[in-house]
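K.L.:
This is target-v5.txt, which holds compact mmCIF, C-alpha atoms:
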# COMPACT_ATOMS: atom_id res chain seq x y z
CA MET A 1 -119.60 40.24 -104.83
CA ASN A 2 -122.55 41.62 -106.75
CA ILE A 3 -124.04 38.36 -108.00
CA ASP A 4 -127.73 38.26 -108.87
CA LYS A 5 -130.26 36.24 -106.83
CA LYS A 6 -130.66 33.39 -109.30
CA LYS A 7 -126.93 32.71 -109.49
CA ARG A 8 -126.63 32.91 -105.70
CA PHE A 9 -129.34 30.28 -105.29
CA GLU A 10 -127.67 28.07 -107.92
CA GLU A 11 -124.40 28.32 -106.00
CA PHE A 12 -126.19 27.44 -102.75
CA VAL A 13 -127.71 24.35 -104.41
CA ARG A 14 -124.34 23.35 -105.90
CA ARG A 15 -122.66 23.52 -102.48
CA ILE A 16 -125.44 21.58 -100.72
CA GLN A 17 -125.28 18.85 -103.38
CA ALA A 18 -121.49 18.70 -103.07
CA ALA A 19 -121.60 18.34 -99.26
CA ASP A 20 -121.61 14.94 -97.55
CA ASN A 21 -125.06 13.53 -96.84
CA VAL A 22 -126.05 13.93 -93.19
CA ASP A 23 -128.03 11.68 -90.86
CA SER A 24 -130.45 13.91 -88.98
CA ALA A 25 -132.88 16.80 -89.39
CA ALA A 26 -130.78 18.96 -87.06
CA SER A 27 -127.66 18.33 -89.14
CA VAL A 28 -129.32 19.19 -92.44
CA LEU A 29 -130.78 22.40 -90.98
CA THR A 30 -127.28 23.35 -89.83
CA LEU A 31 -125.91 22.52 -93.29
CA ILE A 32 -128.53 24.70 -94.99
CA GLY A 33 -128.07 27.59 -92.55
CA GLU A 34 -124.28 27.63 -92.70
CA THR A 35 -124.09 27.15 -96.47
CA LEU A 36 -126.62 29.88 -97.19
CA ALA A 37 -124.89 32.32 -94.82
CA VAL A 38 -121.50 31.70 -96.47
CA VAL A 39 -122.90 32.07 -100.01
CA GLU A 40 -124.69 35.31 -99.14
CA ASP A 41 -121.68 36.73 -97.28
CA GLU A 42 -119.40 35.90 -100.21
CA MET A 43 -121.73 37.07 -102.97
CA THR A 44 -123.59 40.05 -101.53
CA ASP A 45 -122.96 42.95 -99.21
CA ILE A 46 -126.32 42.52 -97.45
CA PRO A 47 -125.97 42.18 -93.64
CA ASN A 48 -127.25 38.93 -92.10
CA GLU A 49 -130.37 40.11 -90.25
CA PRO A 50 -132.87 37.22 -90.27
CA GLU A 51 -135.21 39.07 -87.91
CA ASN A 52 -136.18 41.40 -90.79
CA TRP A 53 -139.84 40.85 -91.63
CA GLN A 54 -139.63 42.82 -94.84
CA THR A 55 -137.28 41.64 -97.57
CA ASP A 56 -133.78 43.06 -97.52
CA GLY A 57 -132.76 41.16 -100.65
CA ARG A 58 -130.92 38.41 -98.76
CA MET A 59 -131.81 34.70 -98.72
CA TYR A 60 -132.45 33.26 -95.26
CA PRO A 61 -132.62 29.61 -94.12
CA PRO A 62 -135.75 27.99 -92.62
CA GLN A 63 -136.65 29.26 -89.15
CA ALA A 64 -138.51 27.37 -86.40
CA ASP A 65 -141.46 29.78 -86.69
CA ASN A 66 -142.01 28.57 -90.26
CA ALA A 67 -142.34 24.87 -89.34
CA ARG A 68 -145.47 22.92 -90.37
CA GLU A 69 -146.60 19.41 -89.60
CA VAL A 70 -146.91 17.02 -92.54
CA GLU A 71 -150.01 14.81 -92.39
CA ASN A 72 -149.24 11.13 -91.77
CA ARG A 73 -145.50 11.83 -91.89
CA PRO A 74 -144.13 12.33 -88.37
CA ASP A 75 -140.62 11.98 -89.84
CA LEU A 76 -141.06 15.13 -91.98
CA VAL A 77 -141.23 18.84 -91.22
CA ARG A 78 -142.22 21.39 -93.85
CA TYR A 79 -140.75 24.88 -93.56
CA ARG A 80 -142.77 27.46 -95.46
CA SER A 81 -141.42 30.71 -96.80
CA ARG A 82 -142.90 33.31 -99.14
CA GLY A 83 -142.22 31.38 -102.33
CA HIS A 84 -140.94 27.98 -101.25
CA ASN A 85 -141.42 24.88 -99.14
CA THR A 86 -138.42 23.13 -97.62
CA LEU A 87 -139.02 19.55 -96.52
CA ILE A 88 -136.68 18.08 -93.94
CA ARG A 89 -136.73 14.41 -93.02
CA ASP A 90 -135.45 12.81 -89.81
CA ASN A 91 -132.82 10.89 -91.83
CA GLY A 92 -131.20 14.14 -93.03
CA ALA A 93 -132.89 14.24 -96.46
CA ILE A 94 -133.94 17.60 -97.88
CA GLU A 95 -136.16 18.82 -100.68
CA ILE A 96 -136.80 22.41 -101.71
CA LYS A 97 -139.81 23.13 -103.92
CA ASP A 98 -141.33 26.32 -105.21
CA LEU A 99 -145.03 26.90 -104.55
CA GLN A 100 -145.90 25.44 -107.95
CA GLY A 101 -144.34 22.16 -106.80
CA ASN A 102 -141.20 22.31 -108.95
CA VAL A 103 -138.31 20.57 -107.18
CA LEU A 104 -135.32 22.90 -106.97
CA LEU A 105 -133.15 20.76 -104.71
CA SER A 106 -133.37 17.14 -103.62
CA LYS A 107 -130.75 15.38 -101.54
CA PRO A 108 -131.00 12.07 -99.67
CA GLY A 109 -130.01 11.46 -96.09
CA ARG A 110 -126.94 9.41 -95.18
CA ASP A 111 -129.01 6.21 -95.43
CA GLY A 112 -129.64 6.95 -99.10
CA ASP A 113 -133.37 7.61 -98.76
CA GLY A 114 -134.85 10.87 -100.00
CA VAL A 115 -137.76 12.87 -98.64
CA ASP A 116 -140.13 10.68 -100.67
CA TYR A 117 -143.20 12.90 -100.36
CA GLU A 118 -145.64 14.24 -102.94
CA GLN A 119 -147.62 17.20 -101.69
CA GLU A 120 -151.24 17.25 -102.84
CA MET B 1 -163.15 39.15 -85.98
CA SER B 2 -164.56 36.16 -84.08
CA LYS B 3 -162.97 35.03 -80.83
CA ASN B 4 -161.75 31.79 -82.40
CA GLU B 5 -159.86 33.26 -85.33
CA ASN B 6 -156.69 35.26 -85.60
CA PRO B 7 -156.20 38.36 -87.82
CA ILE B 8 -154.95 36.46 -90.88
CA GLN B 9 -157.90 34.10 -90.77
CA THR B 10 -160.16 37.16 -90.64
CA VAL B 11 -158.39 38.66 -93.67
CA GLY B 12 -158.82 35.37 -95.53
CA LYS B 13 -162.54 35.20 -94.81
CA ARG B 14 -163.11 38.81 -95.87
CA ILE B 15 -161.19 38.39 -99.13
CA ALA B 16 -163.09 35.18 -99.92
CA LYS B 17 -166.35 37.10 -99.40
CA ASP B 18 -165.23 40.17 -101.39
CA CYS B 19 -163.79 38.14 -104.25
CA PRO B 20 -165.67 34.84 -104.61
CA SER B 21 -163.75 33.92 -107.77
CA ALA B 22 -160.49 33.74 -105.78
CA SER B 23 -159.28 30.60 -104.05
CA VAL B 24 -158.11 31.38 -100.52
CA SER B 25 -156.17 28.90 -98.37
CA VAL B 26 -154.59 29.25 -94.97
CA ASP B 27 -151.20 27.60 -94.37
CA LYS B 28 -151.10 27.08 -90.61
CA PRO B 29 -147.81 26.80 -88.70
CA LYS B 30 -146.97 23.99 -86.28
CA LYS B 31 -147.25 26.42 -83.38
CA ALA B 32 -150.00 29.06 -83.38
CA SER B 33 -147.33 31.63 -82.44
CA GLY B 34 -145.44 30.88 -85.67
CA ILE B 35 -145.73 32.46 -89.10
CA TRP B 36 -149.07 31.97 -90.89
CA PHE B 37 -149.52 32.22 -94.64
CA LEU B 38 -152.55 33.02 -96.72
CA ASP B 39 -152.35 31.95 -100.38
CA ILE B 40 -154.83 33.65 -102.70
CA VAL B 41 -155.15 32.88 -106.40
CA ARG B 42 -157.52 34.48 -108.89
CA ASP B 43 -157.37 33.66 -112.61
CA GLY B 44 -153.86 32.32 -112.18
CA HIS B 45 -152.61 35.43 -110.39
CA SER B 46 -151.18 34.73 -106.92
CA VAL B 47 -150.87 36.94 -103.88
CA ASN B 48 -149.61 35.75 -100.52
CA VAL B 49 -149.93 37.25 -97.09
CA GLN B 50 -147.82 36.25 -94.11
CA TRP B 51 -148.65 37.11 -90.53
CA GLN B 52 -147.21 36.72 -87.08
CA ALA B 53 -148.59 38.35 -83.94
CA LYS B 54 -145.50 40.41 -83.14
CA GLN B 55 -144.71 41.33 -86.75
CA GLY B 56 -147.96 42.26 -88.51
CA PHE B 57 -148.78 41.43 -92.12
CA GLY B 58 -146.46 40.99 -95.09
CA VAL B 59 -147.90 41.08 -98.62
CA SER B 60 -146.12 39.77 -101.71
CA SER B 61 -147.12 39.13 -105.29
CA SER B 62 -144.11 38.59 -107.45
CA PRO B 63 -143.17 35.62 -109.63
CA ASP B 64 -139.47 35.85 -108.83
CA ALA B 65 -139.49 35.42 -105.03
CA GLN B 66 -136.08 34.26 -103.90
CA TYR B 67 -135.53 31.44 -101.44
CA GLY B 68 -136.16 32.47 -97.84
CA GLU B 69 -136.90 36.07 -98.77
CA GLY B 70 -139.07 38.33 -96.59
CA ALA B 71 -142.29 40.06 -97.68
CA ASP B 72 -142.27 42.98 -100.11
CA GLU B 73 -144.80 45.16 -98.28
CA ILE B 74 -145.67 45.46 -94.59
CA TYR B 75 -149.04 46.39 -93.07
CA ASN B 76 -150.36 46.46 -89.51
CA ASP B 77 -154.04 46.92 -90.21
CA ILE B 78 -156.52 44.24 -91.37
CA GLU B 79 -158.44 46.62 -93.63
CA ALA B 80 -155.26 47.96 -95.25
CA VAL B 81 -154.17 44.40 -96.07
CA ARG B 82 -157.59 43.50 -97.40
CA HIS B 83 -157.67 46.53 -99.71
CA ARG B 84 -154.14 45.92 -100.95
CA VAL B 85 -154.74 42.24 -101.68
CA LEU B 86 -158.00 42.98 -103.52
CA SER B 87 -156.26 45.67 -105.55
CA LEU B 88 -153.46 43.25 -106.50
CA LEU B 89 -155.95 40.54 -107.44
CA LEU B 90 -158.19 42.78 -109.55
CA SER B 91 -155.37 44.62 -111.32
CA ARG B 92 -153.11 41.52 -111.54
CA GLY B 93 -150.51 43.79 -109.99
CA GLU B 94 -147.15 42.78 -108.59
CA THR B 95 -145.40 43.97 -105.47
CA SER B 96 -141.81 45.16 -105.44
CA PRO B 97 -139.21 45.12 -102.70
CA PRO B 98 -138.68 48.42 -100.88
CA ALA B 99 -136.94 51.07 -103.00
CA ALA B 100 -133.74 50.79 -100.97
CA VAL B 101 -133.51 47.04 -101.64
CA ARG B 102 -134.30 47.51 -105.31
CA LEU B 103 -131.52 50.10 -105.56
CA ALA B 104 -128.97 47.65 -104.18
CA GLU B 105 -130.21 44.99 -106.60
CA LEU B 106 -129.85 47.37 -109.53
CA ARG B 107 -126.31 48.20 -108.45
CA ARG B 108 -125.42 44.50 -108.22
CA GLU B 109 -126.97 43.77 -111.61
CA LEU B 110 -124.65 46.43 -113.05
CA GLY B 111 -121.67 44.79 -111.34
CA LEU B 112 -120.82 47.72 -109.07
CA SER B 113 -119.71 47.51 -105.45
CA GLN B 114 -120.82 50.05 -102.85
CA ILE B 115 -117.27 51.46 -102.88
CA GLU B 116 -117.31 51.97 -106.64
CA LEU B 117 -120.71 53.67 -106.49
CA ALA B 118 -119.57 55.84 -103.57
CA GLN B 119 -116.66 57.05 -105.70
CA ARG B 120 -119.06 58.01 -108.49
CA LEU B 121 -121.24 59.90 -106.00
CA SER B 122 -118.25 61.46 -104.22
CA VAL B 123 -119.42 60.09 -100.86
CA GLN B 124 -118.15 57.49 -98.39
CA GLN B 125 -119.12 53.82 -98.84
CA GLY B 126 -121.08 54.06 -95.57
CA ALA B 127 -123.37 56.68 -97.12
CA VAL B 128 -124.28 54.30 -99.96
CA SER B 129 -124.86 51.51 -97.44
CA ARG B 130 -127.18 53.72 -95.38
CA MET B 131 -129.07 54.81 -98.50
CA GLU B 132 -129.64 51.16 -99.47
CA ARG B 133 -130.98 50.30 -96.02
CA ARG B 134 -133.22 53.31 -95.55
CA GLY B 135 -136.98 52.74 -95.57
CA ASP B 136 -137.62 56.24 -96.89
CA ILE B 137 -135.41 58.07 -99.33
CA LYS B 138 -135.41 61.62 -100.74
CA VAL B 139 -136.29 61.96 -104.40
CA SER B 140 -133.12 64.01 -104.93
CA SER B 141 -130.97 61.24 -103.43
CA LEU B 142 -132.77 58.67 -105.55
CA ARG B 143 -132.16 60.74 -108.66
CA GLU B 144 -128.43 61.07 -107.93
CA TYR B 145 -128.19 57.36 -107.19
CA CYS B 146 -129.86 56.45 -110.50
CA GLN B 147 -127.74 58.92 -112.44
CA SER B 148 -124.56 57.47 -110.94
CA LEU B 149 -125.66 54.09 -112.31
CA GLY B 150 -126.06 55.67 -115.73
CA GLY B 151 -129.85 55.79 -115.54
CA LYS B 152 -132.55 58.41 -115.21
CA LEU B 153 -135.19 58.50 -112.49
CA ARG B 154 -138.82 58.37 -113.56
CA LEU B 155 -141.64 58.26 -111.01
CA MET B 156 -144.86 56.46 -111.85
CA ALA B 157 -148.11 56.25 -109.90
CA GLN B 158 -150.14 53.07 -110.33
CA PHE B 159 -153.84 52.98 -109.54
CA PRO B 160 -156.14 50.15 -108.40
CA ASN B 161 -157.87 50.05 -111.81
CA GLY B 162 -154.52 49.15 -113.40
CA SER B 163 -153.85 52.57 -114.94
CA ALA B 164 -150.51 54.30 -114.42
CA LYS B 165 -149.31 57.88 -114.71
CA VAL B 166 -145.77 59.19 -114.95
CA ILE B 167 -145.15 61.94 -112.41
CA GLN B 168 -143.22 64.79 -113.94
CA LEU B 169 -140.62 66.20 -111.57
CA GLU B 170 -140.28 69.98 -111.40
CA ASP B 171 -136.66 70.15 -112.50
CA GLU B 172 -137.41 67.78 -115.37
CA GLN B 173 -140.00 70.28 -116.63
CA GLU B 174 -137.41 73.03 -116.39
CA THR B 175 -134.80 71.11 -118.37
CA ALA B 176 -137.24 69.52 -120.81
Could you render the structure from this file as structure tokens?
P.N.:
Amino acid sequence: MNIDKKKRFEEFVRRIQAADNVDSAASVLTLIGETLAVVEDEMTDIPNEPENWQTDGRMYPPQADNAREVENRPDLVRYRSRGHNTLIRDNGAIEIKDLQGNVLLSKPGRDGDGVDYEQE
Amino acid sequence: MSKNENPIQTVGKRIAKDCPSASVSVDKPKKASGIWFLDIVRDGHSVNVQWQAKQGFGVSSSPDAQYGEGADEIYNDIEAVRHRVLSLLLSRGETSPPAAVRLAELRRELGLSQIELAQRLSVQQGAVSRMERRGDIKVSSLREYCQSLGGKLRLMAQFPNGSAKVIQLEDEQETA
């Protein structure tokens, strides 16, 4: 309980990296959603209410409404949030970047290939 | 607003016109019914606006946005958003989460649970929970909350030109 945001995100990243690689976009979205929910439930007392438009202090996983197409990459979907982009590849690879382009999390799919995308 | 643009595109165009030195870009969702973003940068200072038809506008300008976090401020009116964004750009101001959220963050930073804080305030844990989820909060409740954390409440008004004034509370004047 009562862990600050930065440490909560670090714990989320640690758990995602420790998990087995997955082989589809749907599986990696499930992995992100479940891991984030568990971390936030364990480390905060903020109710899980993803429909909140205004911040309630809790981290939420990518939602379908945030999806963006990636030019010339039909195997990739970019999920935008206020301060981050989450790239999800069909092979189960994931990359989370802040808006300055710093990579905060990178994990390959089960086939060993990463997201392999440089945003302009 | 032209027939072919939605409200966030209109906001983007107006800000670009009002503030030519700012770069304004629209981040369009896969589906038009999804969540749109407007990223505005002026002299290295960033403000972003998110919009969805059923939700209205969210405005944020803070360097420490957490992953998947919602907007700091909510507006329903195009002109209100435009004014707020211009004010943030010109004053290089930052947004903050709602007071209730900030209170809970302060409590967590001090390592206190809601139960522990409730004991200090002589209330039930549910009362602390409600206080931390309330959109509007009485100044007296805010003062008690801050005092129970070991702090002192100070109110400050910030103005579009970047100036700020501390607001003296009546009982502070009496005890000063």
K.L.:
What is the distance between atom CA of Asp72 of chain B and atom CA of Arg84 of chain B, in Å to one decimal?
P.N.:
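Result for atom CA of Asp72 of chain B versus atom CA of Arg84 of chain B: 12.3 Å, one decimal.
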K.L.:
Using only C-alpha atoms and a distance of at most 10 Å, pull out the residues of chain A that contact chain B, as an NGL selection string.
P.N.:
:A and (1-6 or 8-9 or 36 or 43-47 or 50-70 or 77-86 or 96-99)
K.L.:
A:Gly92, A:Asn72, A:Leu104, A:Tyr117: which is nearest Asn21 of chain A, counting only C-alpha atoms?
P.N.:
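Distance minimum relative to Asn21 of chain A lands on A:Gly92.
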K.L.:
Which residues are close to segment 115-120 of chain B, i.e. within 8 Å by all atoms listed in the file, leaving aside same-chain residues fewer than 5 positions away? Reply as an MDAnalysis selection string.
P.N.:
chainID B and resid 125 127:128 148:149
K.L.:
Go ahead and write the selection's residues with C-alpha atoms as a PDB file, keeping the file's coordinate frame.
P.N.:
ATOM      1  CA  GLN B 125    -119.120  53.820 -98.840  1.00  0.00           C
ATOM      2  CA  ALA B 127    -123.370  56.680 -97.120  1.00  0.00           C
ATOM      3  CA  VAL B 128    -124.280  54.300 -99.960  1.00  0.00           C
ATOM      4  CA  SER B 148    -124.560  57.470-110.940  1.00  0.00           C
ATOM      5  CA  LEU B 149    -125.660  54.090-112.310  1.00  0.00           C
TER       6      LEU B 149
END
K.L.:
In Å, rounded to a single decimal, give me how far atom CA of Asn102 of chain A is from atom CA of Val13 of chain A.
P.N.:
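Between atom CA of Val13 of chain A and atom CA of Asn102 of chain A the gap is 14.4 Å.
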K.L.:
One decimal, in Å: what's the spacing between atom CA of Ala53 of chain B and atom CA of Pro7 of chain B?
P.N.:
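Those two atoms sit 8.5 Å apart.
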K.L.:
List the neighbours of Gly93 of chain B out to 10 Å using all atoms listed in the file; skip same-chain residues closer than 4 positions along the sequence, and give me the result as a PyMOL selection string.
P.N.:
chain B and resi 45-47+61-62+84-89+158-162
K.L.:
If we count only C-alpha atoms and set the cut-off at 9 Å, which residues sit around Ile32 of chain A, ignoring sequence neighbours fewer than 2 positions away in its own chain? Please answer as a short mmCIF file (atom, residue, chain, number, x, y, z; two decimals) with C-alpha atoms, in the frame of the given file.
P.N.:
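The result, stored in part_17.cif:
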data_model
loop_
_atom_site.label_atom_id
_atom_site.label_comp_id
_atom_site.auth_asym_id
_atom_site.auth_seq_id
_atom_site.Cartn_x
_atom_site.Cartn_y
_atom_site.Cartn_z
CA PHE A 12 -126.19 27.44 -102.75
CA ILE A 16 -125.44 21.58 -100.72
CA SER A 27 -127.66 18.33 -89.14
CA VAL A 28 -129.32 19.19 -92.44
CA LEU A 29 -130.78 22.40 -90.98
CA THR A 30 -127.28 23.35 -89.83
CA GLU A 34 -124.28 27.63 -92.70
CA THR A 35 -124.09 27.15 -96.47
CA LEU A 36 -126.62 29.88 -97.19
CA ALA A 37 -124.89 32.32 -94.82
CA PRO A 61 -132.62 29.61 -94.12
CA PRO A 62 -135.75 27.99 -92.62
#
K.L.:
Could N, CA and C atoms be built for segment 99-127 of chain B and written out as an mmCIF file, keeping the file's coordinate frame?
P.N.:
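selection_15.cif, freshly written:
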data_model
loop_
_atom_site.group_PDB
_atom_site.id
_atom_site.type_symbol
_atom_site.label_atom_id
_atom_site.label_comp_id
_atom_site.auth_asym_id
_atom_site.auth_seq_id
_atom_site.Cartn_x
_atom_site.Cartn_y
_atom_site.Cartn_z
ATOM 1 N N ALA B 99 -137.814 50.367 -102.062
ATOM 2 C CA ALA B 99 -136.940 51.070 -103.000
ATOM 3 C C ALA B 99 -135.465 50.866 -102.668
ATOM 4 N N ALA B 100 -135.148 50.915 -101.368
ATOM 5 C CA ALA B 100 -133.740 50.790 -100.970
ATOM 6 C C ALA B 100 -133.167 49.441 -101.399
ATOM 7 N N VAL B 101 -133.963 48.378 -101.256
ATOM 8 C CA VAL B 101 -133.510 47.040 -101.640
ATOM 9 C C VAL B 101 -133.369 46.954 -103.157
ATOM 10 N N ARG B 102 -134.328 47.548 -103.845
ATOM 11 C CA ARG B 102 -134.300 47.510 -105.310
ATOM 12 C C ARG B 102 -133.065 48.260 -105.837
ATOM 13 N N LEU B 103 -132.704 49.351 -105.154
ATOM 14 C CA LEU B 103 -131.520 50.100 -105.560
ATOM 15 C C LEU B 103 -130.272 49.220 -105.481
ATOM 16 N N ALA B 104 -130.145 48.521 -104.360
ATOM 17 C CA ALA B 104 -128.970 47.650 -104.180
ATOM 18 C C ALA B 104 -128.957 46.549 -105.236
ATOM 19 N N GLU B 105 -130.142 46.029 -105.564
ATOM 20 C CA GLU B 105 -130.210 44.990 -106.600
ATOM 21 C C GLU B 105 -129.783 45.538 -107.954
ATOM 22 N N LEU B 106 -130.234 46.748 -108.257
ATOM 23 C CA LEU B 106 -129.850 47.370 -109.530
ATOM 24 C C LEU B 106 -128.334 47.537 -109.598
ATOM 25 N N ARG B 107 -127.761 47.999 -108.493
ATOM 26 C CA ARG B 107 -126.310 48.200 -108.450
ATOM 27 C C ARG B 107 -125.580 46.882 -108.693
ATOM 28 N N ARG B 108 -126.071 45.814 -108.038
ATOM 29 C CA ARG B 108 -125.420 44.500 -108.220
ATOM 30 C C ARG B 108 -125.568 44.000 -109.650
ATOM 31 N N GLU B 109 -126.756 44.217 -110.214
ATOM 32 C CA GLU B 109 -126.970 43.770 -111.610
ATOM 33 C C GLU B 109 -125.990 44.464 -112.553
ATOM 34 N N LEU B 110 -125.598 45.692 -112.209
ATOM 35 C CA LEU B 110 -124.650 46.430 -113.050
ATOM 36 C C LEU B 110 -123.202 46.136 -112.670
ATOM 37 N N GLY B 111 -123.018 45.229 -111.698
ATOM 38 C CA GLY B 111 -121.670 44.790 -111.340
ATOM 39 C C GLY B 111 -120.861 45.803 -110.570
ATOM 40 N N LEU B 112 -121.529 46.688 -109.842
ATOM 41 C CA LEU B 112 -120.820 47.720 -109.070
ATOM 42 C C LEU B 112 -120.847 47.399 -107.585
ATOM 43 N N SER B 113 -119.741 47.647 -106.908
ATOM 44 C CA SER B 113 -119.710 47.510 -105.450
ATOM 45 C C SER B 113 -120.167 48.831 -104.840
ATOM 46 N N GLN B 114 -120.448 48.796 -103.532
ATOM 47 C CA GLN B 114 -120.820 50.050 -102.850
ATOM 48 C C GLN B 114 -119.668 51.056 -102.918
ATOM 49 N N ILE B 115 -118.442 50.558 -102.833
ATOM 50 C CA ILE B 115 -117.270 51.460 -102.880
ATOM 51 C C ILE B 115 -117.188 52.154 -104.232
ATOM 52 N N GLU B 116 -117.377 51.376 -105.296
ATOM 53 C CA GLU B 116 -117.310 51.970 -106.640
ATOM 54 C C GLU B 116 -118.413 53.013 -106.842
ATOM 55 N N LEU B 117 -119.601 52.717 -106.346
ATOM 56 C CA LEU B 117 -120.710 53.670 -106.490
ATOM 57 C C LEU B 117 -120.447 54.913 -105.645
ATOM 58 N N ALA B 118 -119.892 54.698 -104.441
ATOM 59 C CA ALA B 118 -119.570 55.840 -103.570
ATOM 60 C C ALA B 118 -118.586 56.783 -104.259
ATOM 61 N N GLN B 119 -117.625 56.205 -104.980
ATOM 62 C CA GLN B 119 -116.660 57.050 -105.700
ATOM 63 C C GLN B 119 -117.365 57.884 -106.771
ATOM 64 N N ARG B 120 -118.318 57.270 -107.454
ATOM 65 C CA ARG B 120 -119.060 58.010 -108.490
ATOM 66 C C ARG B 120 -119.890 59.137 -107.883
ATOM 67 N N LEU B 121 -120.398 58.891 -106.657
ATOM 68 C CA LEU B 121 -121.240 59.900 -106.000
ATOM 69 C C LEU B 121 -120.444 60.876 -105.145
ATOM 70 N N SER B 122 -119.136 60.641 -105.069
ATOM 71 C CA SER B 122 -118.250 61.460 -104.220
ATOM 72 C C SER B 122 -118.698 61.442 -102.764
ATOM 73 N N VAL B 123 -119.063 60.256 -102.284
ATOM 74 C CA VAL B 123 -119.420 60.090 -100.860
ATOM 75 C C VAL B 123 -118.659 58.884 -100.318
ATOM 76 N N GLN B 124 -118.765 58.666 -99.010
ATOM 77 C CA GLN B 124 -118.150 57.490 -98.390
ATOM 78 C C GLN B 124 -119.023 56.257 -98.663
ATOM 79 N N GLN B 125 -118.386 55.076 -98.624
ATOM 80 C CA GLN B 125 -119.120 53.820 -98.840
ATOM 81 C C GLN B 125 -120.277 53.685 -97.848
ATOM 82 N N GLY B 126 -120.051 54.158 -96.605
ATOM 83 C CA GLY B 126 -121.080 54.060 -95.570
ATOM 84 C C GLY B 126 -122.359 54.805 -95.953
ATOM 85 N N ALA B 127 -122.194 55.897 -96.699
ATOM 86 C CA ALA B 127 -123.370 56.680 -97.120
ATOM 87 C C ALA B 127 -124.211 55.879 -98.104
#
